[in-house]
$ cat coords-v1.tsv   # TSV, C-alpha atoms
chain	number	residue	atom	x	y	z
J	546	MET	CA	27.52	-13.35	-2.69
J	547	ARG	CA	27.59	-11.96	-6.23
J	548	LEU	CA	26.60	-8.31	-6.00
J	549	ALA	CA	25.42	-5.76	-8.55
J	550	ILE	CA	24.90	-2.05	-7.95
J	551	LEU	CA	22.28	0.19	-9.54
J	552	GLY	CA	22.50	3.90	-8.78
J	553	GLY	CA	20.22	6.74	-9.69
J	554	SER	CA	18.09	9.56	-8.38
J	555	PHE	CA	15.03	7.29	-8.01
J	556	ASN	CA	12.86	10.38	-8.06
J	557	PRO	CA	10.64	8.37	-7.83
J	558	VAL	CA	11.55	4.70	-8.12
J	559	HIS	CA	9.42	3.07	-10.82
J	560	LEU	CA	8.78	-0.38	-12.26
J	561	GLY	CA	11.46	0.10	-14.92
J	562	HIS	CA	14.12	0.25	-12.19
J	563	LEU	CA	12.89	-2.97	-10.60
J	564	PHE	CA	12.49	-4.70	-13.95
J	565	LEU	CA	16.12	-3.90	-14.83
J	566	ALA	CA	17.32	-5.18	-11.46
J	567	ASP	CA	15.30	-8.37	-11.94
J	568	THR	CA	16.77	-8.87	-15.41
J	569	VAL	CA	20.32	-8.66	-14.03
J	570	LEU	CA	19.49	-11.06	-11.22
J	571	SER	CA	17.86	-13.65	-13.46
J	572	SER	CA	19.92	-13.46	-16.65
J	573	LEU	CA	23.39	-12.93	-15.15
J	574	LYS	CA	22.82	-14.94	-11.96
J	575	TYR	CA	23.67	-12.24	-9.43
J	576	ASP	CA	22.48	-12.81	-5.88
J	577	ARG	CA	21.54	-9.25	-4.95
J	578	VAL	CA	21.20	-5.81	-6.49
J	579	VAL	CA	21.95	-2.84	-4.26
J	580	LEU	CA	19.92	0.26	-5.14
J	581	VAL	CA	21.85	3.41	-4.28
J	582	PRO	CA	19.95	6.71	-4.41
J	583	ALA	CA	22.18	9.69	-5.16
J	584	TYR	CA	22.26	12.68	-2.87
J	585	ARG	CA	23.10	14.80	-5.92
J	586	SER	CA	23.84	13.09	-9.21
J	587	PRO	CA	26.76	14.51	-11.22
J	588	PHE	CA	24.59	13.99	-14.30
J	589	LYS	CA	21.81	16.24	-12.94
J	590	LEU	CA	23.67	19.13	-11.40
J	591	ALA	CA	21.40	21.60	-13.19
J	592	ALA	CA	18.23	19.99	-11.89
J	593	LYS	CA	16.37	22.27	-9.49
J	594	ASP	CA	12.99	20.57	-9.20
J	595	MET	CA	13.80	17.44	-7.21
J	596	ASP	CA	10.27	17.62	-5.72
J	597	SER	CA	11.21	15.13	-3.02
J	598	THR	CA	13.73	14.98	-0.22
J	599	ALA	CA	16.42	12.36	0.17
J	600	SER	CA	14.34	10.94	3.01
J	601	ASP	CA	11.30	10.68	0.70
J	602	ARG	CA	13.29	8.84	-1.96
J	603	LEU	CA	14.72	6.43	0.60
J	604	LYS	CA	11.26	5.75	1.99
J	605	MET	CA	9.87	5.06	-1.48
J	606	LEU	CA	12.73	2.67	-2.25
J	607	ALA	CA	12.35	0.84	1.05
J	608	ALA	CA	8.62	0.39	0.37
J	609	ALA	CA	9.30	-0.72	-3.21
J	610	VAL	CA	11.66	-3.57	-2.26
J	611	ALA	CA	9.71	-4.83	0.77
J	612	GLY	CA	9.70	-8.61	0.98
J	613	ASP	CA	12.30	-9.14	-1.77
J	614	PRO	CA	15.62	-10.31	-0.26
J	615	ARG	CA	17.30	-10.02	-3.67
J	616	LEU	CA	17.15	-6.23	-3.44
J	617	ALA	CA	18.85	-3.92	-0.96
J	618	VAL	CA	18.74	-0.15	-0.48
J	619	ASP	CA	21.92	1.64	0.60
J	620	ASP	CA	21.97	5.27	1.71
J	621	CYS	CA	25.76	5.80	1.58
J	622	GLU	CA	25.59	8.62	-0.99
J	623	ILE	CA	22.87	10.41	0.96
J	624	ARG	CA	24.89	10.12	4.16
J	625	ARG	CA	27.97	11.52	2.41
J	626	GLU	CA	25.93	14.40	0.95
J	627	GLY	CA	27.41	16.57	-1.78
J	628	VAL	CA	27.77	15.32	-5.36
J	629	SER	CA	27.63	11.52	-5.54
J	630	TYR	CA	30.61	10.02	-7.36
J	631	THR	CA	30.48	6.36	-8.36
J	632	VAL	CA	34.08	5.58	-7.46
J	633	ASP	CA	33.50	6.59	-3.84
J	634	THR	CA	30.33	4.50	-3.67
J	635	LEU	CA	32.06	1.40	-5.08
J	636	GLU	CA	34.89	1.58	-2.57
J	637	ASP	CA	32.40	2.06	0.28
J	638	ILE	CA	30.11	-0.82	-0.73
J	639	ILE	CA	32.96	-3.25	-1.40
J	640	ALA	CA	34.42	-2.54	2.04
J	641	ARG	CA	31.13	-3.12	3.82
J	642	TYR	CA	29.41	-5.85	1.78
J	643	LEU	CA	32.50	-8.00	1.07
J	644	PRO	CA	31.09	-9.43	-2.19
J	645	ASP	CA	32.39	-12.59	-3.82
J	646	GLY	CA	34.58	-11.38	-6.65
J	647	MET	CA	34.19	-8.00	-8.29
J	648	PRO	CA	30.76	-6.43	-7.96
J	649	ALA	CA	28.94	-5.28	-11.08
J	650	LEU	CA	27.98	-1.69	-11.81
J	651	ILE	CA	24.82	-1.34	-13.91
J	652	ILE	CA	24.72	1.69	-16.22
J	653	GLY	CA	22.45	2.66	-19.09
J	654	ASP	CA	23.75	2.79	-22.65
J	655	ASP	CA	22.76	6.46	-22.65
J	656	LEU	CA	25.68	7.02	-20.27
J	657	ALA	CA	28.17	4.61	-21.83
J	658	ASP	CA	29.64	7.06	-24.35
J	659	GLU	CA	30.68	9.40	-21.55
J	660	PHE	CA	31.80	6.73	-19.09
J	661	LEU	CA	35.52	7.27	-19.66
J	662	ASN	CA	35.02	10.92	-18.66
J	663	TRP	CA	33.61	9.96	-15.24
J	664	ARG	CA	35.72	10.80	-12.22
J	665	ASP	CA	38.41	8.09	-11.80
J	666	SER	CA	36.88	5.88	-14.51
J	667	ASP	CA	40.10	3.81	-14.62
J	668	ARG	CA	39.70	3.10	-10.92
J	669	ILE	CA	36.03	2.15	-11.44
J	670	LEU	CA	37.06	-0.42	-14.07
J	671	LYS	CA	39.49	-1.98	-11.59
J	672	LEU	CA	36.85	-2.13	-8.86
J	673	ALA	CA	33.82	-3.39	-10.79
J	674	GLU	CA	32.59	-5.19	-13.85
J	675	ILE	CA	30.35	-2.97	-15.96
J	676	ILE	CA	26.92	-4.06	-17.12
J	677	VAL	CA	25.47	-1.89	-19.89
J	678	ALA	CA	21.68	-1.99	-20.15
J	679	ARG	CA	19.35	-0.56	-22.77
J	680	ARG	CA	17.55	2.66	-21.86
J	681	ILE	CA	14.54	4.54	-23.21
J	682	ASP	CA	15.11	5.52	-26.87
J	683	SER	CA	18.87	5.43	-26.36
J	684	ALA	CA	21.12	4.86	-29.33
J	685	LEU	CA	23.35	1.80	-29.33
J	686	SER	CA	26.83	2.60	-28.14
J	687	GLY	CA	30.16	0.94	-28.73
J	688	ALA	CA	31.03	1.34	-25.03
J	689	PRO	CA	34.85	1.56	-25.48
J	690	PHE	CA	35.72	-0.27	-22.25
J	691	PRO	CA	35.31	-3.85	-20.96
J	692	HIS	CA	31.66	-4.54	-20.27
J	693	THR	CA	28.77	-6.98	-20.44
J	694	ARG	CA	25.81	-5.82	-22.48
J	695	ILE	CA	22.35	-7.13	-21.63
J	696	ASP	CA	19.61	-7.08	-24.24
J	697	ASN	CA	16.97	-6.19	-21.70
J	698	GLU	CA	13.42	-5.34	-22.65
J	699	VAL	CA	12.88	-1.61	-22.23
J	700	MET	CA	9.92	-0.43	-20.17
J	701	HIS	CA	8.98	2.98	-21.47
J	702	ILE	CA	8.81	4.62	-18.07
J	703	SER	CA	10.90	7.40	-16.60
J	704	SER	CA	10.81	9.18	-13.27
J	705	GLN	CA	10.13	12.43	-15.12
J	706	MET	CA	7.12	10.83	-16.81
J	707	VAL	CA	5.76	9.69	-13.44
J	708	ARG	CA	6.22	13.16	-11.91
J	709	GLN	CA	4.54	14.84	-14.85
J	710	ARG	CA	1.58	12.47	-14.77
J	711	ILE	CA	1.09	13.00	-11.04
J	712	LYS	CA	1.18	16.78	-11.42
J	713	ALA	CA	-1.26	16.63	-14.33
J	714	GLY	CA	-3.67	14.40	-12.43
J	715	LYS	CA	-3.27	11.60	-14.99
J	716	ASP	CA	-3.01	7.87	-14.26
J	717	TRP	CA	0.37	7.00	-12.75
J	718	ARG	CA	-0.06	4.29	-10.10
J	719	SER	CA	0.52	1.46	-12.58
J	720	LEU	CA	4.02	2.85	-13.24
J	721	VAL	CA	5.39	2.54	-9.71
J	722	PRO	CA	5.50	-0.22	-7.06
J	723	ALA	CA	2.47	-0.20	-4.76
J	724	GLY	CA	4.55	0.62	-1.68
J	725	ALA	CA	6.15	3.61	-3.38
J	726	ALA	CA	2.73	4.80	-4.58
J	727	ALA	CA	1.51	4.73	-0.98
J	728	VAL	CA	4.42	6.94	0.10
J	729	ILE	CA	3.70	9.39	-2.74
J	730	GLU	CA	0.05	9.62	-1.72
J	731	ASP	CA	0.61	9.84	2.02
J	732	SER	CA	3.40	12.44	1.72
J	733	ARG	CA	1.66	14.36	-1.11
J	734	LEU	CA	4.77	14.21	-3.31
J	735	TYR	CA	5.12	15.63	-6.83
J	736	GLY	CA	1.98	17.71	-6.51
J	737	PHE	CA	-0.25	14.76	-5.67
J	738	CYS	CA	-3.58	15.75	-4.19
J	739	GLU	CA	-7.04	14.27	-3.80
J	740	GLU	CA	-10.35	15.42	-2.44
J	741	ALA	CA	-9.99	13.48	0.80
J	742	ALA	CA	-6.44	14.61	1.53
J	743	SER	CA	-7.48	16.30	4.78
J	744	THR	CA	-7.82	13.01	6.66
J	745	ALA	CA	-4.15	12.22	7.12
J	746	ASP	CA	-4.79	9.78	9.97
J	747	CYS	CA	-5.98	7.12	7.49
J	748	THR	CA	-3.00	6.62	5.22
J	749	GLN	CA	-2.45	4.42	2.21
J	750	GLU	CA	0.38	2.75	4.11
J	751	ASP	CA	-2.07	1.80	6.88
J	752	ILE	CA	-4.40	0.32	4.29
J	753	LEU	CA	-1.63	-1.76	2.71
J	754	ARG	CA	-0.50	-3.13	6.08
J	755	VAL	CA	-4.01	-4.06	7.18
J	756	GLU	CA	-4.94	-5.50	3.79
J	757	ALA	CA	-1.81	-7.69	3.88
J	758	GLU	CA	-2.89	-8.98	7.30
J	759	ALA	CA	-6.40	-9.72	6.02
J	760	ARG	CA	-5.04	-11.53	2.98
J	761	GLU	CA	-2.72	-13.67	5.12
J	762	THR	CA	-5.14	-14.56	7.92
J	763	LEU	CA	-8.53	-14.90	6.21
J	764	ASN	CA	-9.45	-17.68	3.82
J	765	THR	CA	-9.77	-16.63	0.19
J	766	GLU	CA	-13.56	-16.35	0.20
J	767	ARG	CA	-13.56	-14.25	3.38
J	768	PHE	CA	-10.76	-12.02	2.11
J	769	LEU	CA	-12.57	-11.34	-1.17
J	770	HIS	CA	-15.71	-10.51	0.85
J	771	SER	CA	-13.65	-8.08	2.94
J	772	ARG	CA	-12.19	-6.43	-0.13
J	773	ASN	CA	-15.60	-6.17	-1.78
J	774	THR	CA	-16.87	-4.57	1.43
J	775	ALA	CA	-13.96	-2.13	1.34
J	776	LEU	CA	-14.65	-1.22	-2.29
J	777	LEU	CA	-18.35	-0.59	-1.70
J	778	ALA	CA	-17.49	1.39	1.43
J	779	TRP	CA	-15.12	3.52	-0.65
J	780	ASP	CA	-17.89	4.21	-3.17
J	781	LEU	CA	-20.48	5.02	-0.50
J	782	CYS	CA	-18.08	7.31	1.33
J	783	ARG	CA	-17.42	9.25	-1.86
J	784	ARG	CA	-21.15	9.52	-2.46
J	785	PHE	CA	-21.95	10.75	1.04
J	786	GLY	CA	-18.97	13.07	1.55
J	787	LEU	CA	-17.05	10.81	3.96
J	788	ASP	CA	-13.37	9.89	3.85
J	789	PRO	CA	-13.01	7.05	1.30
J	790	LYS	CA	-9.72	5.88	2.80
J	791	ALA	CA	-11.35	5.51	6.21
J	792	GLY	CA	-14.16	3.54	4.58
J	793	TYR	CA	-11.78	1.26	2.73
J	794	LEU	CA	-9.67	0.70	5.85
J	795	ALA	CA	-12.68	-0.19	8.00
J	796	GLY	CA	-14.04	-2.42	5.24
J	797	ILE	CA	-10.86	-4.39	4.66
J	798	ALA	CA	-10.39	-4.79	8.44
J	799	HIS	CA	-13.93	-5.55	9.60
J	800	ASP	CA	-13.53	-9.36	9.62
J	801	LEU	CA	-10.00	-9.61	11.02
J	802	GLY	CA	-11.47	-11.28	14.11
J	803	LYS	CA	-13.22	-14.05	12.14
J	804	PRO	CA	-10.38	-16.62	12.28
J	805	LEU	CA	-9.91	-16.26	16.05
J	806	ASP	CA	-11.12	-18.92	18.48
J	807	ASN	CA	-13.63	-18.11	21.22
J	808	ASP	CA	-11.07	-17.73	24.00
J	809	ARG	CA	-9.00	-15.26	21.95
J	810	LEU	CA	-12.10	-13.25	21.02
J	811	LEU	CA	-13.17	-12.97	24.65
J	812	GLU	CA	-9.64	-12.03	25.69
J	813	LEU	CA	-9.35	-9.26	23.10
J	814	VAL	CA	-12.68	-7.55	23.73
J	815	LYS	CA	-12.04	-7.27	27.46
J	816	SER	CA	-9.84	-4.28	26.62
J	817	ASP	CA	-12.45	-2.26	24.70
J	818	GLY	CA	-14.33	-1.12	27.83
J	819	LYS	CA	-17.74	-2.43	26.74
J	820	LYS	CA	-19.74	-5.13	28.46
J	821	ILE	CA	-20.03	-8.60	27.03
J	822	THR	CA	-23.70	-9.50	26.75
J	823	ALA	CA	-25.26	-12.85	27.56
J	824	LEU	CA	-25.78	-13.50	23.85
J	825	GLU	CA	-22.11	-12.70	23.11
J	826	LYS	CA	-20.98	-15.07	25.86
J	827	LYS	CA	-23.21	-17.74	24.33
J	828	LYS	CA	-21.99	-17.00	20.80
J	829	PRO	CA	-18.51	-15.43	21.05
J	830	ASN	CA	-18.23	-15.25	17.26
J	831	LEU	CA	-20.53	-12.21	17.47
J	832	LEU	CA	-17.54	-10.45	19.05
J	833	HIS	CA	-15.38	-10.68	15.93
J	834	GLY	CA	-16.11	-7.06	14.96
J	835	ARG	CA	-15.13	-5.73	18.36
J	836	ALA	CA	-12.02	-7.93	18.24
J	837	ALA	CA	-11.13	-6.46	14.83
J	838	ALA	CA	-11.34	-2.95	16.30
J	839	VAL	CA	-9.02	-3.94	19.14
J	840	LEU	CA	-6.53	-5.47	16.67
J	841	LEU	CA	-6.60	-2.29	14.58
J	842	LYS	CA	-5.79	-0.21	17.62
J	843	GLU	CA	-3.25	-2.45	19.36
J	844	ARG	CA	-1.45	-4.10	16.43
J	845	PHE	CA	-1.70	-1.42	13.75
J	846	CYS	CA	-1.90	1.75	15.89
J	847	ILE	CA	-5.10	2.89	14.16
J	848	HIS	CA	-6.77	5.43	16.44
J	849	ASN	CA	-9.39	6.87	14.08
J	850	LYS	CA	-12.53	6.59	16.21
J	851	ASP	CA	-14.84	6.33	13.21
J	852	VAL	CA	-12.86	3.42	11.74
J	853	LEU	CA	-12.76	1.59	15.05
J	854	GLU	CA	-16.49	2.10	15.63
J	855	ALA	CA	-17.32	0.93	12.11
J	856	ALA	CA	-15.35	-2.30	12.52
J	857	ALA	CA	-16.78	-2.96	15.98
J	858	TYR	CA	-20.46	-2.48	15.04
J	859	HIS	CA	-20.62	-4.05	11.57
J	860	THR	CA	-22.28	-7.22	12.91
J	861	SER	CA	-24.96	-5.95	15.29
J	862	GLY	CA	-25.16	-2.29	14.42
J	863	SER	CA	-25.74	0.31	17.12
J	864	ALA	CA	-28.35	2.94	17.78
J	865	ASP	CA	-25.53	5.41	18.37
J	866	MET	CA	-23.32	4.64	15.38
J	867	GLY	CA	-22.07	7.39	13.12
J	868	PRO	CA	-22.12	7.70	9.32
J	869	LEU	CA	-19.02	5.60	8.65
J	870	ALA	CA	-20.30	2.76	10.84
J	871	LYS	CA	-23.57	2.88	8.91
J	872	VAL	CA	-21.64	2.63	5.65
J	873	ILE	CA	-19.71	-0.46	6.80
J	874	TYR	CA	-22.86	-2.13	8.15
J	875	ILE	CA	-24.48	-1.63	4.74
J	876	ALA	CA	-21.43	-2.60	2.69
J	877	ASP	CA	-20.92	-5.82	4.68
J	878	LYS	CA	-24.46	-6.93	3.88
J	879	VAL	CA	-24.85	-5.93	0.23
J	880	GLU	CA	-21.38	-6.16	-1.39
J	881	VAL	CA	-21.33	-7.88	-4.79
J	882	SER	CA	-20.56	-11.43	-3.62
J	883	ARG	CA	-23.66	-11.51	-1.40
J	884	ASN	CA	-26.74	-13.27	-2.78
J	885	ILE	CA	-29.29	-10.50	-2.25
J	886	ASP	CA	-32.10	-8.68	-4.00
J	887	PRO	CA	-30.47	-6.38	-6.62
J	888	ALA	CA	-32.88	-3.66	-5.56
J	889	GLN	CA	-30.88	-3.22	-2.35
J	890	ARG	CA	-27.74	-2.53	-4.36
J	891	ARG	CA	-29.58	-0.02	-6.51
J	892	MET	CA	-30.60	1.80	-3.34
J	893	CYS	CA	-26.91	2.42	-2.66
J	894	LYS	CA	-26.83	4.62	-5.75
J	895	GLU	CA	-30.14	6.38	-5.26
J	896	GLU	CA	-31.33	6.68	-1.64
J	897	ASP	CA	-29.95	8.58	1.34
J	898	LEU	CA	-27.79	6.82	3.91
J	899	ASP	CA	-30.42	6.25	6.59
J	900	ASP	CA	-32.96	4.94	4.08
J	901	ILE	CA	-30.43	2.42	2.80
J	902	LEU	CA	-29.56	1.42	6.36
J	903	PHE	CA	-33.22	0.98	7.30
J	904	SER	CA	-33.84	-1.27	4.30
J	905	VAL	CA	-30.73	-3.38	4.91
J	906	LEU	CA	-31.49	-3.64	8.62
J	907	ASN	CA	-35.06	-4.81	7.97
J	908	LYS	CA	-33.84	-7.48	5.56
J	909	THR	CA	-31.22	-8.66	8.07
J	910	VAL	CA	-33.70	-8.83	10.96
J	911	SER	CA	-36.25	-10.68	8.81
J	912	LYS	CA	-33.57	-13.19	7.85
J	913	LEU	CA	-32.60	-13.76	11.49
J	914	GLN	CA	-36.24	-14.15	12.52
J	915	SER	CA	-36.93	-16.63	9.73
J	916	ARG	CA	-34.08	-18.78	11.05
J	917	GLN	CA	-35.29	-18.32	14.63
J	918	LEU	CA	-31.94	-16.83	15.59
J	919	ASP	CA	-31.44	-14.55	18.57
J	920	MET	CA	-30.86	-10.86	17.93
J	921	SER	CA	-28.53	-8.68	19.94
J	922	GLU	CA	-29.75	-5.88	22.16
J	923	GLU	CA	-27.91	-3.37	19.95
J	924	THR	CA	-29.66	-4.63	16.82
J	925	MET	CA	-33.05	-4.26	18.51
J	926	ARG	CA	-32.21	-0.76	19.76
J	927	LEU	CA	-31.08	0.27	16.27
J	928	LEU	CA	-34.21	-1.19	14.68
J	929	LYS	CA	-36.44	0.66	17.15
J	930	LYS	CA	-34.64	3.94	16.48
J	931	MET	CA	-34.85	3.54	12.70
J	932	LYS	CA	-38.56	2.67	12.85
J	933	GLU	CA	-39.29	5.75	14.96
J	934	LYS	CA	-37.43	7.89	12.45
J	935	HIS	CA	-39.25	6.40	9.45
J	936	HIS	CA	-42.79	6.50	10.85

$ encode --input "coords-v1.tsv" --output "C-alpha cells"
Amino acid sequence: MRLAILGGSFNPVHLGHLFLADTVLSSLKYDRVVLVPAYRSPFKLAAKDMDSTASDRLKMLAAAVAGDPRLAVDDCEIRREGVSYTVDTLEDIIARYLPDGMPALIIGDDLADEFLNWRDSDRILKLAEIIVARRIDSALSGAPFPHTRIDNEVMHISSQMVRQRIKAGKDWRSLVPAGAAAVIEDSRLYGFCEEAASTADCTQEDILRVEAEARETLNTERFLHSRNTALLAWDLCRRFGLDPKAGYLAGIAHDLGKPLDNDRLLELVKSDGKKITALEKKKPNLLHGRAAAVLLKERFCIHNKDVLEAAAYHTSGSADMGPLAKVIYIADKVEVSRNIDPAQRRMCKEEDLDDILFSVLNKTVSKLQSRQLDMSEETMRLLKKMKEKHH
C-alpha cells in the first residue's frame, strides 16, 4: 500500500484538508492518506486558544472521514503527548503500517522554506518522500530539498476562519464536512450556540444517523417526503417554541417502518406495550409509525419521549398527543410534495397549533370517508376531542 501522511492541528478539520488529501490520492496515485492530529504542534507553541480538546479534534476527524477507506486517522501524536515532532511520527507510522516503499509526507509550501530547520530533517528525508502543496496566499518556494510539488487548487479556507465564523455567528457549515459540523454543534465547540441548545438529548449526530437509515431503506419518493416532513416540522417547532432538532428527528424518522412487511411490523410493535387493534391486525401497515418509534428506541437509542410519541402517532393521531406529535401529524399531511389546498399550508404560518391540527384532521377524515375507508379508534377520539374544543 502506498501511503501518504498529512499532519496538522485540525482545529477543526475543514474541506480544504480533505480536498488536499483527495488531490494527493488521485493525482499521485497513493492508496491512503493518514491524517495525524498534533497534540501540540511545534509551529504553534504560542497558541493558547485551542478551543477544543484532543478528543474533540479526533472525534471531528473520525466523523469527517466516515465511509471513505482511502482516509485514516491516527492518534499517535496525541497518545505521545508533548510537542509533536514529525520524525517521531514517521518512524511510528512506518513501523505499524508497513507501507510499500517510502511513505510520503505532505507539507504546505508555507512551511517549505523552514523545513531544513525541523528537528532531524535529514532523517525525515531518509524516511519519507516530501510532497509540497500550495497553501492559502503562500509565496512560491524553492524548497531546497528533494520533493514533489503538486499544483493543487487552493480552497480559501482555514481552521482559524472556521473558528472565527462560528464565534461570530456567521455561516460556517459549508466549510467543514457534515460529520465534523455535527460534532461542533453537539459539543458546542468554538463558541457555537443556538436557541435550542438546551435539548441535548436530540443531537445532530442522531439526526445524521437516522437520516442515513431513511435514505438507505426508503425509496426516493418516500425519503424526500420524510425530509420535507422534517423540514416543515423544524419550521413549525421554531414557530411554536419547540425543539427544532426533535422535530426534524421525528420527521425524518416517521416512515422508517414503511418498507417492513406485515410480520415484521407486528413483531416490532409487540414491544411498545400498546394493544394492537382489530383494524391494525386487518391492516398492519397502519402500524408503521409505532414500528418507527420502536426502531428509534432499539436501534438508535433515542429515548426522547416526545420524538417517540410523534413518530408513533403520525398516522392515526391520538387524543392524548403532545405538541411535537401534533406538529409531526400536521407536517406529514401538508409538506410541500403533498397535493393539497394551499390554504392549509398558509395556516401553518398564521394559525395556532390546535387550529392547524383541527383543519388538517378534518381534511384527513373527510378524505378517508370519501374513500369509504375505516378510521382508527384513536383518530375518532382525537376528532371528538378537537370538535369539543372548537365548539

$ residues_around --input "coords-v1.tsv" --residues "stretch 896-906 of chain J" --least-positions-apart "2" --cutoff "8 Å" --atoms "only C-alpha atoms" --output "ChimeraX atom specification"
/J:785,868,871-872,874-875,878-879,889,892-894,908-910,928,931-932

$ closest_residue --input "coords-v1.tsv" --among "J:Ala725, J:Val578, J:Ala795, J:Met866" --to "J:Ala607" --atoms "only C-alpha atoms"
J:Ala725

$ residues_around --input "coords-v1.tsv" --residues "J:Trp717" --least-positions-apart "5" --cutoff "9 Å" --atoms "all atoms listed in the file" --output "list in words"
Met706, Val707, Arg708, Arg710, Ile711 and Ala726 of chain J

$ residues_around --input "coords-v1.tsv" --residues "stretch 614-619 of chain J" --least-positions-apart "4" --cutoff "9 Å" --atoms "only C-alpha atoms" --output "count of residues only"
18

$ atom_distance --input "coords-v1.tsv" --atom1 "atom CA of J:Ser597" --atom2 "atom CA of J:Asp731"
12.9 Å

$ closest_atom_pairs --input "coords-v1.tsv" --of "stretch 743-814 of chain J" --to "stretch 856-864 of chain J" --cutoff "10 Å" --atoms "all atoms listed in the file" --output "Markdown table"
| residue | atom | partner | partner_atom | distance |
| --- | --- | --- | --- | --- |
| J:Gly792 | CA | J:Ala856 | CA | 9.9 |
| J:Leu794 | CA | J:Ala856 | CA | 9.3 |
| J:Ala795 | CA | J:Ala856 | CA | 5.7 |
| J:Gly796 | CA | J:Ala856 | CA | 7.4 |
| J:Ile797 | CA | J:Ala856 | CA | 9.3 |
| J:Ala798 | CA | J:Ala856 | CA | 6.9 |
| J:His799 | CA | J:Ala856 | CA | 4.6 |
| J:Asp800 | CA | J:Ala856 | CA | 7.8 |
| J:Leu801 | CA | J:Ala856 | CA | 9.2 |
| J:Gly802 | CA | J:Ala856 | CA | 9.9 |
| J:Val814 | CA | J:Ala857 | CA | 9.9 |

$ closest_residue --input "coords-v1.tsv" --among "J:Gly553, J:Pro722, J:Gly561, J:Pro644" --to "J:Leu672" --atoms "all atoms listed in the file"
J:Pro644

$ closest_residue --input "coords-v1.tsv" --among "J:Gly867, J:Gly714, J:Gly653, J:Gly786" --to "J:His692" --atoms "all atoms listed in the file"
J:Gly653

$ atom_distance --input "coords-v1.tsv" --atom1 "atom CA of J:Ile676" --atom2 "atom CA of J:Thr693"
4.8 Å

$ closest_residue --input "coords-v1.tsv" --among "J:Asp645, J:Glu922, J:Glu636, J:Glu622" --to "J:Asp665" --atoms "only C-alpha atoms"
J:Glu636

$ closest_residue --input "coords-v1.tsv" --among "J:Arg602, J:Arg890, J:Lys828, J:Lys574" --to "J:Leu918" --atoms "all atoms listed in the file"
J:Lys828

$ closest_residue --input "coords-v1.tsv" --among "J:Leu777, J:Leu753, J:Leu560, J:Val839" --to "J:Met700" --atoms "only C-alpha atoms"
J:Leu560

$ residues_around --input "coords-v1.tsv" --residues "J:Tyr630" --least-positions-apart "6" --cutoff "8 Å" --atoms "only C-alpha atoms" --output "list in words"
Ser586, Pro587 and Arg664 of chain J

$ write_last_selection --input "coords-v1.tsv" --atoms "C-alpha atoms" --output "CSV table (one decimal), in the frame of the given file"
chain,number,residue,atom,x,y,z
J,586,SER,CA,23.8,13.1,-9.2
J,587,PRO,CA,26.8,14.5,-11.2
J,664,ARG,CA,35.7,10.8,-12.2

$ atom_distance --input "coords-v1.tsv" --atom1 "atom CA of J:His833" --atom2 "atom CA of J:Pro804"
8.6 Å

$ decode --input "coords-v1.tsv" --residues "stretch 646-672 of chain J" --atoms "C-alpha atoms" --output "PDB file, in the first residue's frame"
ATOM      1  CA  GLY J 646       8.128   1.811  -0.345  1.00  0.00           C
ATOM      2  CA  MET J 647       8.741   5.131   1.351  1.00  0.00           C
ATOM      3  CA  PRO J 648       5.640   6.904   2.589  1.00  0.00           C
ATOM      4  CA  ALA J 649       5.018  10.488   1.527  1.00  0.00           C
ATOM      5  CA  LEU J 650       4.855  13.441   3.897  1.00  0.00           C
ATOM      6  CA  ILE J 651       2.548  16.237   2.724  1.00  0.00           C
ATOM      7  CA  ILE J 652       3.579  19.758   3.758  1.00  0.00           C
ATOM      8  CA  GLY J 653       2.436  23.195   2.671  1.00  0.00           C
ATOM      9  CA  ASP J 654       4.728  25.498   0.735  1.00  0.00           C
ATOM     10  CA  ASP J 655       4.336  27.958   3.602  1.00  0.00           C
ATOM     11  CA  LEU J 656       6.472  25.565   5.660  1.00  0.00           C
ATOM     12  CA  ALA J 657       8.926  24.517   2.947  1.00  0.00           C
ATOM     13  CA  ASP J 658      11.424  27.341   3.495  1.00  0.00           C
ATOM     14  CA  GLU J 659      11.920  26.279   7.105  1.00  0.00           C
ATOM     15  CA  PHE J 660      11.853  22.528   6.515  1.00  0.00           C
ATOM     16  CA  LEU J 661      15.613  22.059   6.840  1.00  0.00           C
ATOM     17  CA  ASN J 662      15.385  23.608  10.321  1.00  0.00           C
ATOM     18  CA  TRP J 663      12.900  20.965  11.510  1.00  0.00           C
ATOM     19  CA  ARG J 664      14.116  18.510  14.120  1.00  0.00           C
ATOM     20  CA  ASP J 665      16.134  15.744  12.375  1.00  0.00           C
ATOM     21  CA  SER J 666      15.172  16.973   8.889  1.00  0.00           C
ATOM     22  CA  ASP J 667      17.931  14.810   7.372  1.00  0.00           C
ATOM     23  CA  ARG J 668      16.358  11.767   8.993  1.00  0.00           C
ATOM     24  CA  ILE J 669      12.910  12.791   7.691  1.00  0.00           C
ATOM     25  CA  LEU J 670      14.284  12.919   4.131  1.00  0.00           C
ATOM     26  CA  LYS J 671      15.608   9.377   4.523  1.00  0.00           C
ATOM     27  CA  LEU J 672      12.287   8.108   5.863  1.00  0.00           C
TER      28      LEU J 672
END
